[in-house]
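Trainee: Mind looking over this structure? Questions follow.
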Amino acid sequence: MNNFEEAGKTILKEFSGRNRDVIERRFGIGSRSKRQTLESIGETYKITRERVRQIEAASLNKLRSSSSFSQVEPLLKQLEKEFNLREKVWREDEALAHFAGETPAKNYVYFFLSLGNPFERVGADADFYHRWSSDKEALNKSEGALKSFCKSLGDDPLSEDEMTGRFRGYVENILGKKIAAEAVFSWLGISKNINKNNFGEWGLSSSPLVRPSGMRDFAYLVLKKHGSPLHFREVASAIERVADRRAHVQTVHNELIKDERFVLVGRGLYALSGWGYQPGTVKDIISAVLSKRGPLSKEELIKSVREERHVKDNTILINLQNKSRFQRLSDGRFHLA
């Protein structure tokens with residue numbers, strides 16, 4: 001049994017009747033397994049949510065002044081020590097999992113955080129997840145640093161080492177202090193605007209390379225990571241491996257066709273348009289090359305076109321037979337008709 005659970009069950013003996021039941025319901029401990037709201041407890045006892053809150057606060061204060069409280073102070077010191085390692089800021093679900101994994105003992109950790117000083121819980125908002133802090137000033141500094149740090153990030157994600165170095169340097173620059181290595185991802189973890197992708201890279205949650213929202217974004221992430229063209233079947237297979245979700249080949253192909261971020265560069269082969277590939281048919285590519293470079297020999301033309309399209313030499317030569325678009329000079333070079 002987890003130490004927090006053992007200590008929690010011991011200290012609950014300080015209560016009986018409604019006070020104990022309210023505490024057990026509010027924290028999901030003792031005879032209860034799920035935390036309940038003030039409203040739901042109030043409905044049970046036919047009292048207001050404010051009255052339930054008062055009973056909870058009075059009960060916690062009673063515990064803090066009880067003889068049993070000294071027995072749990074080592075656990076509170078343990079909590080404080082771990083918070084200090086993280087510069088006094090920690091995302092709630094990560095803190096609970098650190099001490100209790102995915103066991104019911106998480107509710108007891110939550111109970112002791114609520115019971116002990118100087119811990120304070122701050123609810124989730126648009127920018128941050130539920131978080132706990134052992135120092136209000138440290139929390140304010142972390143939130144301010146994270147908001148401004150997000151503005152310095154682009155769409156391209158960073159490796160874990162790159163993110164660690166960049167964030168630590170940023171915090172040191174604006175706060176004038178270094179933060180411990182353990183605090184880097186504790187601070188980053190409270191932000192809803194920063195996340196980790198399927199390759200373990202970090203960046204803005206709004207970036208399709210960090211938090212893909214559909215097949216198109218997953219395809220973009222896969223191609224960006226691969227770094228060179230892939231067949232649409234390979235893209236589908238890669239999505240299934242990376243995202244651990246079903247990716248129908250034809251669905252992926254249709255998404256690649258529709259999105260301007262992708263360009264067809266061969267039979268079933270797709271690349272990212274940002275890589276500089278010229279969109280269009282093979283005839284269009286030949287025309288663009290000749291328009292840019294002027295008359296070219298067969299070998300020069302094939303080489304230039306294949307830099308844009310993964311096609312066979314014969315495919316290029318067959319397209320060159322279109323005399324309404326291409327003509328051959330007396331010296332064997334081709335130019336636009």
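To be explicit about the labels: the chains of the structure tokens are called A, B, and onward in the order shown, and within each one the residues are counted from 1, while ligands get numbers from 1 in the order they are shown.
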Within 6 Å of segment 156-172 of chain A, counting only C-alpha atoms, which residues show up once you throw out same-chain ones fewer than 5 positions away? Write them as a ChimeraX atom specification, please.
Mentor: /A:177-178,201-203
Trainee: Give one line per residue of segment 134-240 of chain A that approaches segment 251-264 of chain A to at most 10 Å, naming the two atoms of the closest pair and their distance in Å to one decimal, counting only C-alpha atoms; sort by chain then ascending residue number and deliver it as CSV.
Mentor:
residue,atom,partner,partner_atom,distance
A:Gly214,CA,A:Glu255,CA,9.6
A:Met215,CA,A:Val252,CA,6.4
A:Arg216,CA,A:Glu255,CA,5.8
A:Asp217,CA,A:Glu255,CA,9.6
A:Phe218,CA,A:Val252,CA,9.5
A:Ala219,CA,A:Val252,CA,7.7
A:Tyr220,CA,A:Arg261,CA,7.7
A:Leu223,CA,A:Phe262,CA,9.3
A:Pro229,CA,A:Leu264,CA,9.0
A:Leu230,CA,A:Leu264,CA,9.8
A:His231,CA,A:His253,CA,9.2
A:Phe232,CA,A:His253,CA,5.7
A:Arg233,CA,A:His253,CA,7.9
A:Val235,CA,A:Val252,CA,7.6
A:Ala236,CA,A:Val252,CA,6.1
A:Ser237,CA,A:Val252,CA,9.9
A:Ile239,CA,A:Val252,CA,9.2
Trainee: Convert the current residue selection to file output with N, CA and C atoms, as a CSV table (one decimal), in the first residue's frame.
Mentor:
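Generated output (part-v3.csv):
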chain,number,residue,atom,x,y,z
A,214,GLY,N,-5.5,15.6,-38.0
A,214,GLY,CA,-6.2,14.7,-39.0
A,214,GLY,C,-5.2,14.1,-39.8
A,215,MET,N,-5.7,13.3,-40.8
A,215,MET,CA,-4.8,12.5,-41.7
A,215,MET,C,-3.8,13.5,-42.5
A,216,ARG,N,-4.3,14.6,-42.9
A,216,ARG,CA,-3.4,15.5,-43.6
A,216,ARG,C,-2.2,16.0,-42.8
A,217,ASP,N,-2.5,16.3,-41.5
A,217,ASP,CA,-1.5,16.8,-40.6
A,217,ASP,C,-0.5,15.6,-40.3
A,218,PHE,N,-1.0,14.4,-40.1
A,218,PHE,CA,-0.2,13.3,-39.8
A,218,PHE,C,0.7,13.0,-41.1
A,219,ALA,N,0.1,13.1,-42.3
A,219,ALA,CA,0.9,12.9,-43.5
A,219,ALA,C,2.0,13.9,-43.6
A,220,TYR,N,1.7,15.2,-43.3
A,220,TYR,CA,2.7,16.3,-43.3
A,220,TYR,C,3.8,16.0,-42.3
A,223,LEU,N,6.0,13.0,-43.6
A,223,LEU,CA,6.9,13.4,-44.7
A,223,LEU,C,8.0,14.4,-44.3
A,229,PRO,N,10.6,12.3,-50.7
A,229,PRO,CA,9.3,11.8,-51.1
A,229,PRO,C,9.0,10.4,-50.7
A,230,LEU,N,7.7,10.1,-50.5
A,230,LEU,CA,7.2,8.8,-50.2
A,230,LEU,C,6.0,8.5,-51.0
A,231,HIS,N,5.8,7.2,-51.3
A,231,HIS,CA,4.6,6.7,-52.0
A,231,HIS,C,3.4,6.8,-51.0
A,232,PHE,N,2.2,7.1,-51.5
A,232,PHE,CA,1.1,7.3,-50.6
A,232,PHE,C,0.8,6.1,-49.7
A,233,ARG,N,1.1,4.9,-50.2
A,233,ARG,CA,1.0,3.7,-49.4
A,233,ARG,C,2.0,3.7,-48.2
A,235,VAL,N,3.2,6.4,-46.9
A,235,VAL,CA,2.7,7.5,-46.0
A,235,VAL,C,1.6,6.9,-45.0
A,236,ALA,N,0.7,6.1,-45.6
A,236,ALA,CA,-0.4,5.5,-44.8
A,236,ALA,C,0.2,4.5,-43.7
A,237,SER,N,1.2,3.7,-44.2
A,237,SER,CA,1.8,2.8,-43.2
A,237,SER,C,2.5,3.5,-42.1
A,239,ILE,N,1.9,6.5,-41.0
A,239,ILE,CA,0.9,7.1,-40.1
A,239,ILE,C,0.4,6.1,-39.0
Trainee: Quick one: distance from atom CA of Ser186 of chain A to atom CA of Ala95 of chain A in Å, one decimal?
Mentor: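 These two atoms are separated by 9.0 Å.
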Trainee: Could you pull out the helix (DSSP H, G or I) residues of segment 60-294 of chain A, going by DSSP on the backbone, and write them as a PyMOL selection string?
Mentor: chain A and resi 60-64+69-85+92-100+106-115+136-150+160-175+181-189+215-226+232-243+249-258+273-275+282-293
Trainee: Which of these, A:Ile302, A:Ala126, A:Ala243, A:Leu115, has the shortest distance to Arg64 of chain A once you count only C-alpha atoms?
Mentor: A:Leu115
